[in-house]
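The file coords.csv contains CSV, C-alpha atoms and all ligand atoms:
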```csv
chain,number,residue,atom,x,y,z
A,1,MET,CA,148.1,37.2,59.6
A,2,SER,CA,146.4,39.1,62.5
A,3,ALA,CA,143.0,40.9,62.1
A,4,PRO,CA,143.1,44.6,61.3
A,5,VAL,CA,142.9,46.8,64.3
A,6,SER,CA,139.6,48.4,63.1
A,7,ALA,CA,137.8,45.0,63.3
A,8,HIS,CA,138.4,44.9,67.1
A,9,VAL,CA,137.4,48.5,67.6
A,10,SER,CA,134.2,48.3,65.6
A,11,ALA,CA,132.9,45.6,67.9
A,12,GLN,CA,132.8,48.1,70.9
A,13,TYR,CA,129.5,49.9,71.3
A,14,PRO,CA,129.0,52.6,73.9
A,15,VAL,CA,127.0,51.5,77.0
A,16,ALA,CA,126.1,55.0,78.0
A,17,ARG,CA,124.3,57.0,75.3
A,18,PRO,CA,123.4,60.5,76.6
A,19,ARG,CA,122.0,61.2,73.1
A,20,ARG,CA,119.0,59.1,74.0
A,21,LEU,CA,117.6,62.0,76.0
A,22,ARG,CA,118.2,64.5,73.2
A,23,ARG,CA,116.4,62.7,70.4
A,24,GLY,CA,113.4,65.0,69.9
A,25,PRO,CA,111.9,68.2,71.3
A,26,ALA,CA,109.4,66.3,73.5
A,27,VAL,CA,112.1,64.4,75.4
A,28,ARG,CA,114.4,67.4,75.6
A,29,ARG,CA,111.6,69.4,77.1
A,30,LEU,CA,110.8,66.7,79.6
A,31,VAL,CA,114.3,66.5,81.0
A,32,GLN,CA,115.2,70.2,80.7
A,33,GLY,CA,115.2,71.1,84.4
A,34,ASN,CA,116.1,74.8,84.0
A,35,ARG,CA,113.1,76.8,83.0
A,36,LEU,CA,112.2,80.4,83.1
A,37,HIS,CA,108.9,81.5,84.7
A,38,ALA,CA,107.4,84.9,84.1
A,39,ALA,CA,106.8,85.2,87.9
A,40,ASP,CA,110.6,85.0,88.5
A,41,LEU,CA,111.3,88.0,86.3
A,42,ILE,CA,111.6,91.6,87.5
A,43,LEU,CA,111.5,94.5,85.0
A,44,PRO,CA,113.7,97.6,85.7
A,45,MET,CA,111.9,100.8,84.6
A,46,PHE,CA,112.9,104.5,84.4
A,47,VAL,CA,110.6,107.4,85.0
A,48,LYS,CA,111.8,111.0,84.4
A,49,GLU,CA,110.3,114.1,85.9
A,50,GLY,CA,108.9,116.7,83.5
A,51,LEU,CA,108.9,114.5,80.4
A,52,THR,CA,106.0,114.9,78.0
A,53,GLU,CA,106.8,112.0,75.7
A,54,PRO,CA,108.6,108.7,76.5
A,55,GLN,CA,112.3,109.1,75.6
A,56,PRO,CA,114.1,106.1,74.0
A,57,VAL,CA,117.5,105.3,75.6
A,58,ALA,CA,120.0,105.3,72.7
A,59,SER,CA,122.3,102.7,74.1
A,60,MET,CA,119.4,100.4,75.1
A,61,PRO,CA,117.1,99.9,72.1
A,62,GLY,CA,113.6,99.1,73.3
A,63,VAL,CA,114.1,100.7,76.7
A,64,PHE,CA,112.5,104.1,77.6
A,65,GLN,CA,112.7,106.9,80.1
A,66,HIS,CA,109.0,107.0,80.9
A,67,THR,CA,106.6,109.8,81.7
A,68,ARG,CA,104.3,109.1,84.6
A,69,ASP,CA,101.6,108.2,82.1
A,70,SER,CA,103.7,105.9,79.9
A,71,LEU,CA,105.1,104.3,83.0
A,72,ARG,CA,101.6,103.3,84.2
A,73,LYS,CA,100.8,101.9,80.7
A,74,ALA,CA,104.0,99.9,80.6
A,75,ALA,CA,103.4,98.6,84.1
A,76,HIS,CA,100.0,97.3,83.0
A,77,GLU,CA,101.6,95.5,80.1
A,78,ALA,CA,104.2,93.9,82.4
A,79,ALA,CA,101.4,92.8,84.8
A,80,GLU,CA,99.4,91.4,81.9
A,81,ALA,CA,102.5,89.4,80.7
A,82,GLY,CA,102.7,87.9,84.2
A,83,VAL,CA,106.0,89.5,85.2
A,84,GLY,CA,106.7,89.0,88.9
A,85,GLY,CA,107.9,92.5,89.8
A,86,LEU,CA,108.9,95.9,88.7
A,87,ILE,CA,111.9,97.9,90.0
A,88,LEU,CA,111.6,101.7,89.6
A,89,PHE,CA,114.3,104.2,89.1
A,90,GLY,CA,113.5,107.9,89.2
A,91,ILE,CA,115.3,110.8,87.4
A,92,PRO,CA,114.4,114.1,89.1
A,93,ALA,CA,114.2,117.5,87.3
A,94,VAL,CA,116.5,119.1,89.9
A,95,LYS,CA,119.5,117.5,91.4
A,96,ASP,CA,121.7,118.7,94.3
A,97,ALA,CA,124.6,117.5,96.3
A,98,ARG,CA,122.6,115.5,98.8
A,99,GLY,CA,120.0,114.1,96.4
A,100,SER,CA,117.1,115.9,98.1
A,101,ALA,CA,114.5,114.7,95.6
A,102,ALA,CA,115.2,111.1,96.6
A,103,ASP,CA,113.3,111.4,99.9
A,104,ASP,CA,110.9,114.2,99.0
A,105,PRO,CA,107.4,112.7,99.4
A,106,ASP,CA,106.5,114.4,96.1
A,107,GLY,CA,109.7,113.4,94.4
A,108,ILE,CA,109.3,111.7,91.0
A,109,LEU,CA,110.1,108.2,92.3
A,110,GLN,CA,107.6,108.5,95.1
A,111,GLN,CA,104.9,109.8,92.7
A,112,ALA,CA,105.7,106.9,90.3
A,113,LEU,CA,105.6,104.4,93.2
A,114,ARG,CA,102.1,105.6,94.2
A,115,ASP,CA,100.9,105.6,90.6
A,116,VAL,CA,102.2,102.1,89.8
A,117,ASN,CA,101.2,100.6,93.1
A,118,ALA,CA,97.6,101.9,92.7
A,119,GLU,CA,97.4,100.4,89.2
A,120,VAL,CA,99.2,97.0,89.4
A,121,GLY,CA,100.3,96.6,93.0
A,122,ASP,CA,97.9,93.7,93.5
A,123,SER,CA,99.2,91.6,90.6
A,124,LEU,CA,103.0,92.1,91.0
A,125,VAL,CA,105.6,93.3,93.5
A,126,VAL,CA,106.6,97.0,93.1
A,127,LEU,CA,110.2,97.5,94.2
A,128,ALA,CA,112.2,100.7,94.6
A,129,ASP,CA,115.9,101.0,93.9
A,130,THR,CA,117.2,102.7,97.0
A,131,CYS,CA,120.2,104.9,96.1
A,132,LEU,CA,121.2,108.5,95.5
A,133,ASP,CA,123.1,108.5,92.3
A,134,GLU,CA,120.1,109.4,90.1
A,135,PHE,CA,119.4,112.3,92.5
A,136,THR,CA,122.8,113.9,93.2
A,137,ASP,CA,124.3,116.5,90.9
A,138,HIS,CA,127.7,114.9,91.1
A,139,GLY,CA,126.3,111.4,90.2
A,140,HIS,CA,127.8,109.6,93.2
A,141,CYS,CA,125.8,107.2,95.3
A,142,GLY,CA,126.0,109.2,98.5
A,143,ILE,CA,127.1,112.3,100.4
A,144,LEU,CA,130.6,113.5,99.5
A,145,THR,CA,133.4,114.5,101.9
A,146,PRO,CA,135.2,117.8,101.1
A,147,SER,CA,137.8,115.7,99.3
A,148,GLY,CA,135.2,114.0,97.1
A,149,ASP,CA,135.1,110.6,98.8
A,150,VAL,CA,131.7,109.1,99.5
A,151,ASP,CA,131.1,109.5,103.2
A,152,ASN,CA,129.7,106.1,104.3
A,153,ASP,CA,128.0,107.0,107.5
A,154,ALA,CA,126.5,110.3,106.4
A,155,THR,CA,125.1,108.4,103.4
A,156,LEU,CA,123.5,105.8,105.6
A,157,GLU,CA,121.3,108.5,107.2
A,158,ARG,CA,120.2,109.5,103.7
A,159,TYR,CA,119.5,105.9,102.6
A,160,ALA,CA,117.4,105.4,105.7
A,161,SER,CA,115.3,108.4,105.0
A,162,VAL,CA,115.0,107.5,101.3
A,163,ALA,CA,113.8,104.0,102.1
A,164,VAL,CA,111.1,105.3,104.5
A,165,ALA,CA,109.9,107.8,101.8
A,166,GLN,CA,109.7,104.9,99.3
A,167,ALA,CA,107.8,102.7,101.7
A,168,GLU,CA,105.4,105.5,102.5
A,169,ALA,CA,104.8,105.9,98.8
A,170,GLY,CA,103.9,102.3,98.4
A,171,ALA,CA,107.1,100.5,97.6
A,172,GLN,CA,106.4,96.9,98.5
A,173,MET,CA,110.1,96.1,98.7
A,174,VAL,CA,113.2,98.3,98.8
A,175,ALA,CA,116.5,97.4,97.1
A,176,PRO,CA,119.5,99.3,98.4
A,177,SER,CA,122.1,99.4,95.6
A,178,GLY,CA,124.8,101.8,96.9
A,179,MET,CA,127.2,99.3,98.5
A,180,MET,CA,127.7,101.4,101.7
A,181,ASP,CA,128.8,99.4,104.7
A,182,GLY,CA,125.9,99.0,107.1
A,183,GLN,CA,123.2,100.1,104.6
A,184,VAL,CA,120.9,97.2,105.2
A,185,GLY,CA,120.9,97.6,109.0
A,186,ALA,CA,120.4,101.3,108.8
A,187,ILE,CA,117.4,100.9,106.4
A,188,ARG,CA,115.9,98.0,108.4
A,189,THR,CA,116.0,100.1,111.6
A,190,ALA,CA,114.5,103.1,110.0
A,191,LEU,CA,111.7,101.1,108.3
A,192,ASP,CA,110.8,99.4,111.5
A,193,ALA,CA,110.8,102.6,113.5
A,194,ALA,CA,108.5,104.2,110.8
A,195,GLY,CA,106.0,101.4,111.0
A,196,HIS,CA,107.2,99.5,107.9
A,197,ALA,CA,108.4,96.3,109.6
A,198,GLY,CA,106.6,94.4,106.9
A,199,VAL,CA,108.5,95.8,104.0
A,200,PRO,CA,111.3,93.4,102.9
A,201,ILE,CA,114.8,94.4,101.8
A,202,LEU,CA,116.3,92.9,98.6
A,203,ALA,CA,119.9,93.8,99.2
A,204,TYR,CA,122.3,94.4,96.3
A,205,SER,CA,124.8,92.5,98.4
A,206,VAL,CA,127.3,91.6,95.7
A,207,LYS,CA,127.8,94.4,93.3
A,208,TYR,CA,130.9,94.8,91.3
A,209,ALA,CA,132.4,98.0,89.9
A,210,SER,CA,131.5,96.9,86.4
A,211,ALA,CA,131.9,98.3,82.9
A,212,PHE,CA,128.6,96.5,82.2
A,213,TYR,CA,126.7,99.4,83.8
A,214,GLY,CA,127.7,101.8,81.0
A,215,PRO,CA,124.3,102.2,79.2
A,216,PHE,CA,122.4,102.4,82.5
A,217,ARG,CA,124.2,105.7,83.3
A,218,ASP,CA,122.6,107.1,80.2
A,219,ALA,CA,119.2,105.7,81.0
A,220,ALA,CA,119.3,107.0,84.6
A,221,GLU,CA,121.4,110.0,83.9
A,222,CYS,CA,123.7,109.2,86.8
A,223,ALA,CA,127.3,109.0,85.4
A,224,PRO,CA,129.7,110.2,88.1
A,225,GLN,CA,130.9,113.7,87.3
A,226,PHE,CA,134.4,112.7,88.5
A,227,GLY,CA,136.0,109.5,89.7
A,228,ASP,CA,134.3,106.2,89.8
A,229,ARG,CA,132.6,103.7,92.2
A,230,SER,CA,135.5,101.5,92.9
A,231,THR,CA,135.9,102.7,96.6
A,232,HIS,CA,132.5,101.0,97.4
A,233,GLN,CA,131.6,98.5,94.6
A,234,GLN,CA,133.6,95.3,94.6
A,235,ASP,CA,136.7,94.7,92.4
A,236,PRO,CA,135.8,92.2,89.7
A,237,ALA,CA,139.2,90.5,90.3
A,238,GLY,CA,138.6,90.3,94.0
A,239,PRO,CA,138.3,87.0,95.9
A,240,LEU,CA,135.0,85.1,95.9
A,241,ASP,CA,135.2,85.1,99.7
A,242,GLU,CA,134.6,88.9,99.6
A,243,ALA,CA,131.3,88.3,97.9
A,244,LEU,CA,130.3,85.8,100.5
A,245,ARG,CA,131.3,88.1,103.3
A,246,GLU,CA,129.1,90.9,101.9
A,247,VAL,CA,126.2,88.4,101.7
A,248,ARG,CA,126.7,87.3,105.3
A,249,LEU,CA,126.9,90.9,106.6
A,250,ASP,CA,123.7,91.8,104.8
A,251,LEU,CA,121.8,88.8,106.1
A,252,ALA,CA,123.0,89.6,109.6
A,253,GLU,CA,121.7,93.1,109.2
A,254,GLY,CA,118.3,91.8,108.1
A,255,ALA,CA,118.3,91.4,104.3
A,256,ASP,CA,115.3,89.2,103.2
A,257,ALA,CA,116.8,88.4,99.8
A,258,VAL,CA,120.2,89.1,98.2
A,259,MET,CA,121.3,90.1,94.8
A,260,VAL,CA,124.4,89.5,92.6
A,261,LYS,CA,125.1,92.0,89.9
A,262,PRO,CA,126.0,91.9,87.0
A,263,ALA,CA,124.8,88.4,86.2
A,264,GLY,CA,126.3,86.9,83.0
A,265,ALA,CA,129.9,87.5,83.8
A,266,TYR,CA,129.4,86.4,87.4
A,267,LEU,CA,127.7,83.1,87.2
A,268,ASP,CA,130.3,81.5,89.5
A,269,VAL,CA,129.4,84.1,92.2
A,270,ILE,CA,125.7,83.3,91.8
A,271,THR,CA,126.4,79.6,92.2
A,272,ARG,CA,128.5,80.2,95.3
A,273,VAL,CA,126.0,82.6,96.9
A,274,ARG,CA,123.1,80.2,96.2
A,275,ALA,CA,124.9,77.4,98.0
A,276,GLU,CA,125.7,79.6,100.9
A,277,VAL,CA,122.3,81.2,101.9
A,278,ASP,CA,118.7,80.2,102.7
A,279,VAL,CA,117.0,83.2,101.3
A,280,PRO,CA,116.0,84.0,97.7
A,281,VAL,CA,118.9,84.9,95.4
A,282,ALA,CA,118.4,87.5,92.7
A,283,ALA,CA,120.7,88.3,89.8
A,284,TYR,CA,120.6,91.5,87.7
A,285,GLN,CA,121.2,91.1,84.0
A,286,VAL,CA,122.4,94.7,83.6
A,287,SER,CA,122.3,97.3,80.9
A,288,GLY,CA,125.6,96.3,79.2
A,289,GLU,CA,124.5,92.7,79.0
A,290,TYR,CA,121.3,93.9,77.3
A,291,ALA,CA,123.1,96.4,75.0
A,292,MET,CA,125.7,93.8,73.8
A,293,ILE,CA,123.0,91.4,72.6
A,294,GLU,CA,120.8,94.1,71.1
A,295,ALA,CA,123.8,95.7,69.2
A,296,ALA,CA,125.0,92.4,67.8
A,297,ALA,CA,121.5,91.4,66.8
A,298,ALA,CA,121.0,94.8,65.1
A,299,ASN,CA,124.0,94.0,63.0
A,300,GLY,CA,122.6,90.6,62.1
A,301,TRP,CA,125.6,88.9,63.8
A,302,ILE,CA,123.6,86.7,66.2
A,303,ASP,CA,120.2,85.1,66.6
A,304,ARG,CA,118.7,87.6,69.0
A,305,ASP,CA,115.8,85.5,70.5
A,306,ARG,CA,117.9,82.4,71.1
A,307,MET,CA,120.7,84.4,72.7
A,308,ILE,CA,118.3,86.2,75.0
A,309,HIS,CA,116.9,82.9,76.1
A,310,GLU,CA,120.2,81.3,76.5
A,311,SER,CA,121.6,84.2,78.5
A,312,LEU,CA,118.7,84.0,80.9
A,313,VAL,CA,118.7,80.2,81.2
A,314,ALA,CA,122.4,80.3,82.1
A,315,ILE,CA,121.6,82.7,85.0
A,316,LYS,CA,118.9,80.4,86.2
A,317,ARG,CA,121.1,77.3,85.9
A,318,ALA,CA,123.8,79.1,87.9
A,319,GLY,CA,121.3,79.3,90.8
A,320,ALA,CA,119.3,82.6,90.6
A,321,ASP,CA,115.8,82.4,91.9
A,322,LEU,CA,114.9,85.8,90.5
A,323,ILE,CA,116.2,87.6,87.5
A,324,LEU,CA,116.1,91.4,86.9
A,325,THR,CA,116.1,91.8,83.1
A,326,TYR,CA,115.1,94.5,80.6
A,327,TRP,CA,113.7,91.8,78.5
A,328,ALA,CA,111.2,90.7,81.2
A,329,VAL,CA,108.0,91.5,79.4
A,330,GLU,CA,109.1,90.1,76.0
A,331,VAL,CA,110.4,86.9,77.6
A,332,ALA,CA,107.3,86.5,79.8
A,333,ARG,CA,105.0,86.8,76.8
A,334,GLY,CA,107.0,84.2,74.9
A,335,LEU,CA,106.9,81.5,77.7
B,401,LIG,C1,122.7,102.4,91.3
B,401,LIG,C2,122.4,101.4,90.3
B,401,LIG,C3,123.2,101.2,89.1
B,401,LIG,C4,122.5,100.1,88.4
B,401,LIG,C5,121.5,99.7,89.2
B,401,LIG,N1,121.4,100.5,90.3
B,401,LIG,C6,124.3,101.9,88.5
B,401,LIG,C7,125.6,101.9,89.1
B,401,LIG,O1,125.9,101.3,90.2
B,401,LIG,O2,126.5,102.6,88.6
B,401,LIG,C8,123.0,99.5,87.1
B,401,LIG,C9,122.0,98.7,86.4
B,401,LIG,C10,122.3,98.4,85.0
B,401,LIG,O3,123.4,98.6,84.5
B,401,LIG,O4,121.4,97.9,84.3
B,401,LIG,N2,121.5,103.2,91.6
```
In C-alpha cells, what does this structure look like?
Ligand code: PBG
Amino acid sequence: MSAPVSAHVSAQYPVARPRRLRRGPAVRRLVQGNRLHAADLILPMFVKEGLTEPQPVASMPGVFQHTRDSLRKAAHEAAEAGVGGLILFGIPAVKDARGSAADDPDGILQQALRDVNAEVGDSLVVLADTCLDEFTDHGHCGILTPSGDVDNDATLERYASVAVAQAEAGAQMVAPSGMMDGQVGAIRTALDAAGHAGVPILAYSVKYASAFYGPFRDAAECAPQFGDRSTHQQDPAGPLDEALREVRLDLAEGADAVMVKPAGAYLDVITRVRAEVDVPVAAYQVSGEYAMIEAAAANGWIDRDRMIHESLVAIKRAGADLILTYWAVEVARGL
C-alpha cells in the first residue's frame, strides 16, 4: 500500500517566508520604505473677498472659505504642524469676463499672498494657483471667443500678467493650472522680464478633465456657466503618452516641477511621469478624493484615519515627491 498523498506534501516547508518581515510593528516599521513627511505636503486654501466669518464648504467637511484673518490663523497652524507649503486660491467679490481681479495688485489673492507671506513665508513655501476660473463670471479658465471656446493665446497673455502680479505680491512659487498650450513658457518669459527669474513654476502638466473636481467648484465658486473643460484638460481615457508629452513640453518651456492631477485614480500616470523626469513630481489629491472618504466616514462605513493614510501612502508609493492634500495639517500633526 502506498503512503497517503498528504504525507508527502506535509514534508515540504516554504523556503521563502515573506511573513518574517511582518511579524511585529517594529520590524514592519523598519522595512516600510514609503513614508509621509510633513514637509512633502502642500495644503490648498481658499480665501474669499468680503467674508466676515469663515464659511464651511458643504461638500468638503473640515474645509473653509477663509476671511483674510482666518486664513492667516490657519496658515500659522499649518506652519506649526510642519507642512511644507500652502497653495492659495482666491474668490473675488466681483467677477468679469476677463477675470480682472486675478491680476489686480489689490485683488483678494494678492492681498492674501502678502498677508500669508509676511506671517509664515519663512517657514514654508507660499504658492499661488495661477488660473482665471475663480475670477471669470463665466467660470472658464480663460478668455472666451465669441463662440464660447477658450481662446488659448489671448489667455496666455492674461496668465502671464496674473503670474507677475502673484510674484509681486510675494508668491514664492506659481502653479499654472489652466492647461493652455504654451502657458509655462509665457509665464516664464513674463516673470523673467519682470525681475522674477528666481520664482519657480510648478506646472499642472498632467491635468485630466475629471469628475473628481466637483466639490472644488463649490469651494472656489468656479463651476463653468456652460460647457466643460474637456477642450483643454486631458481625456481620462486618453493614452499615457499624451501625459508624457505634456510633461516634456512643460519642461522644455521651463517648468521647475510638474504635477499630476487628480492623484488616486491616476497612480499609473504618477509612476510613469516619475520615471521620465528629473524634476520633483507633485500629485494633487483633489476635492472629490477628499469628499468621498469624508462622506463614507461620516456614514460610519470606513475607518477614516486609516483610509486617509492609505490613500496618501499609495500616492507616495506611486512616485510622488510632493502631495497636495486638504488633510495636510491633520496628517502632518499625526506623523
Ligand atoms: C483650476 C483648478 C481646479 C482645481 C485646482 N485648480 C478646478 C478645475 O480645473 O476645474 C481642482 C482642485 C480640486 O478639485 O481639489 N483653477
Would you give me, as a tab-separated table, each residue of chain A having an atom within 8 Å of an atom of ligand LIG 401 (chain B), along with its shortest atom pair and that distance in Å to one decimal, using only C-alpha atoms and all ligand atoms and sorting by chain and residue number?
```
residue	atom	partner	partner_atom	distance
A:Pro44	CA	B:LIG401	O4	7.8
A:Phe89	CA	B:LIG401	N2	7.7
A:Asp129	CA	B:LIG401	N2	6.4
A:Thr130	CA	B:LIG401	N2	6.9
A:Cys131	CA	B:LIG401	N2	5.0
A:Leu132	CA	B:LIG401	N2	6.6
A:Asp133	CA	B:LIG401	N2	5.6
A:Glu134	CA	B:LIG401	N2	6.5
A:Cys141	CA	B:LIG401	N2	6.9
A:Ser177	CA	B:LIG401	C1	5.3
A:Gly178	CA	B:LIG401	C1	6.0
A:Lys207	CA	B:LIG401	O1	7.8
A:Ala209	CA	B:LIG401	O1	7.3
A:Ser210	CA	B:LIG401	O2	7.9
A:Phe212	CA	B:LIG401	O3	6.1
A:Tyr213	CA	B:LIG401	O3	3.5
A:Gly214	CA	B:LIG401	O3	6.4
A:Pro215	CA	B:LIG401	O3	6.5
A:Phe216	CA	B:LIG401	O3	4.4
A:Arg217	CA	B:LIG401	C6	6.4
A:Cys222	CA	B:LIG401	O2	7.4
A:Ala223	CA	B:LIG401	O2	7.2
A:Arg229	CA	B:LIG401	O2	7.2
A:Gln233	CA	B:LIG401	O1	7.7
A:Pro262	CA	B:LIG401	O3	7.6
A:Tyr284	CA	B:LIG401	O4	7.3
A:Gln285	CA	B:LIG401	O4	6.8
A:Val286	CA	B:LIG401	O4	3.4
A:Ser287	CA	B:LIG401	O4	3.6
A:Gly288	CA	B:LIG401	O3	6.2
```
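Using all atoms listed in the file, the set of residues no farther than 6 Å from the position (109.5, 92.6, 84.3) comprises Leu41, Ile42, Leu43, Ala78, Val83, Gly85, Leu86, Ala328 and Val329 of chain A.
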**Report entry** Between CA of Ser59 (chain A) and CA of Ile302 (chain A) - distance in Å to one decimal
**Finding:** 17.9 Å
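The two atoms in question, CA of Leu202 (chain A) and CA of Ala102 (chain A), are spaced 18.3 Å apart.
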Query raised in the report: Ala282 (chain A): which residues within 8 Å, counting only C-alpha atoms, same-chain residues fewer than 2 positions away excluded, as a ChimeraX atom specification?
Result: /A:257-260,280,284,320-324
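Nearest-residue note for Glu294 (chain A): choosing from A:Val63, A:Met179, A:Pro25, A:Val47, the minimum distance belongs to A:Val63, counting all atoms listed in the file.
Comparing the minimum interatomic distances between Tyr266 (chain A) and each of A:Ala75, A:Ala283, A:Leu144, A:Met45, counting only C-alpha atoms, we find that A:Ala283 sits nearest.
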Query raised in the report: Distance CA of Thr52 (chain A)-CA of Arg72 (chain A), one decimal place?
Result: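 CA of Thr52 (chain A) sits 13.9 Å away from CA of Arg72 (chain A).
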**Report entry** Selection near Leu71 (chain A), 9 Å with all atoms listed in the file, sequence-local residues under 3 positions removed, as number ranges by chain
**Finding:** A: 45-47, 54, 65-68, 74-76, 112, 115-116
So that I can check the surroundings of Arg304 (chain A), please list as a short mmCIF file (atom, residue, chain, number, x, y, z; two decimals) with C-alpha atoms, in the coordinates of the input every protein, DNA and RNA residue that reaches within 12 Å of it, counting only C-alpha atoms and ignoring chain neighbours fewer than 3 positions away.
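Generated output (around04.cif):
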```
data_model
loop_
_atom_site.label_atom_id
_atom_site.label_comp_id
_atom_site.auth_asym_id
_atom_site.auth_seq_id
_atom_site.Cartn_x
_atom_site.Cartn_y
_atom_site.Cartn_z
CA TYR A 290 121.30 93.90 77.30
CA ALA A 291 123.10 96.40 75.00
CA MET A 292 125.70 93.80 73.80
CA ILE A 293 123.00 91.40 72.60
CA GLU A 294 120.80 94.10 71.10
CA ALA A 295 123.80 95.70 69.20
CA ALA A 296 125.00 92.40 67.80
CA ALA A 297 121.50 91.40 66.80
CA ALA A 298 121.00 94.80 65.10
CA ASN A 299 124.00 94.00 63.00
CA GLY A 300 122.60 90.60 62.10
CA TRP A 301 125.60 88.90 63.80
CA MET A 307 120.70 84.40 72.70
CA ILE A 308 118.30 86.20 75.00
CA HIS A 309 116.90 82.90 76.10
CA GLU A 310 120.20 81.30 76.50
CA SER A 311 121.60 84.20 78.50
CA TRP A 327 113.70 91.80 78.50
CA VAL A 331 110.40 86.90 77.60
#
```
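Taking all atoms listed in the file, the non-local environment of Gly148 (chain A) within 12 Å (same-chain residues fewer than 6 positions away omitted) comprises Ala97, His138, Gly139, His140, Cys141, Gly142, Pro224, Gln225, Phe226, Gly227, Asp228, Arg229 and Thr231 of chain A.
Proximity ranking of A:Asp256, A:Asp137, A:Asp235, A:Val150 relative to Gly185 (chain A) places A:Asp256 first, based on all atoms listed in the file.
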Report task. Determine the nearest neighbour of Met60 (chain A) from the options A:Ala219, A:Ala39, A:Leu30, A:Ala263, counting all atoms listed in the file. Result ->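 Nearest to Met60 (chain A): A:Ala219.
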Got a sec to check which residues sit within 12 Å of (109.4, 104.3, 112.3), counting all atoms listed in the file, and write them as an mmCIF file with C-alpha atoms, in the coordinates of the input?
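Printed below is out-v3.cif as written:
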```cif
data_model
loop_
_atom_site.group_PDB
_atom_site.id
_atom_site.type_symbol
_atom_site.label_atom_id
_atom_site.label_comp_id
_atom_site.auth_asym_id
_atom_site.auth_seq_id
_atom_site.Cartn_x
_atom_site.Cartn_y
_atom_site.Cartn_z
ATOM 1 C CA ALA A 160 117.400 105.400 105.700
ATOM 2 C CA SER A 161 115.300 108.400 105.000
ATOM 3 C CA ALA A 163 113.800 104.000 102.100
ATOM 4 C CA VAL A 164 111.100 105.300 104.500
ATOM 5 C CA ALA A 165 109.900 107.800 101.800
ATOM 6 C CA ALA A 167 107.800 102.700 101.700
ATOM 7 C CA GLU A 168 105.400 105.500 102.500
ATOM 8 C CA ALA A 186 120.400 101.300 108.800
ATOM 9 C CA ILE A 187 117.400 100.900 106.400
ATOM 10 C CA ARG A 188 115.900 98.000 108.400
ATOM 11 C CA THR A 189 116.000 100.100 111.600
ATOM 12 C CA ALA A 190 114.500 103.100 110.000
ATOM 13 C CA LEU A 191 111.700 101.100 108.300
ATOM 14 C CA ASP A 192 110.800 99.400 111.500
ATOM 15 C CA ALA A 193 110.800 102.600 113.500
ATOM 16 C CA ALA A 194 108.500 104.200 110.800
ATOM 17 C CA GLY A 195 106.000 101.400 111.000
ATOM 18 C CA HIS A 196 107.200 99.500 107.900
ATOM 19 C CA ALA A 197 108.400 96.300 109.600
ATOM 20 C CA GLY A 198 106.600 94.400 106.900
ATOM 21 C CA VAL A 199 108.500 95.800 104.000
#
```
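Near Gln32 (chain A), within 12 Å and counting all atoms listed in the file, sit Leu21, Arg22, Pro25, Ala26, Val27, Val313 and Arg317 of chain A, not including residues fewer than 5 positions from it in the same chain.
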Query raised in the report: Using only C-alpha atoms, which of A:Tyr159, A:Ser230, A:Ala169, A:Val281 sits nearest Tyr204 (chain A)?
Result: A:Val281
Report task. Find the residue from A:Asp153, A:Glu276, A:Asp122, A:Asp96 that sits nearest to Leu244 (chain A); use only C-alpha atoms when measuring. Result -> A:Glu276
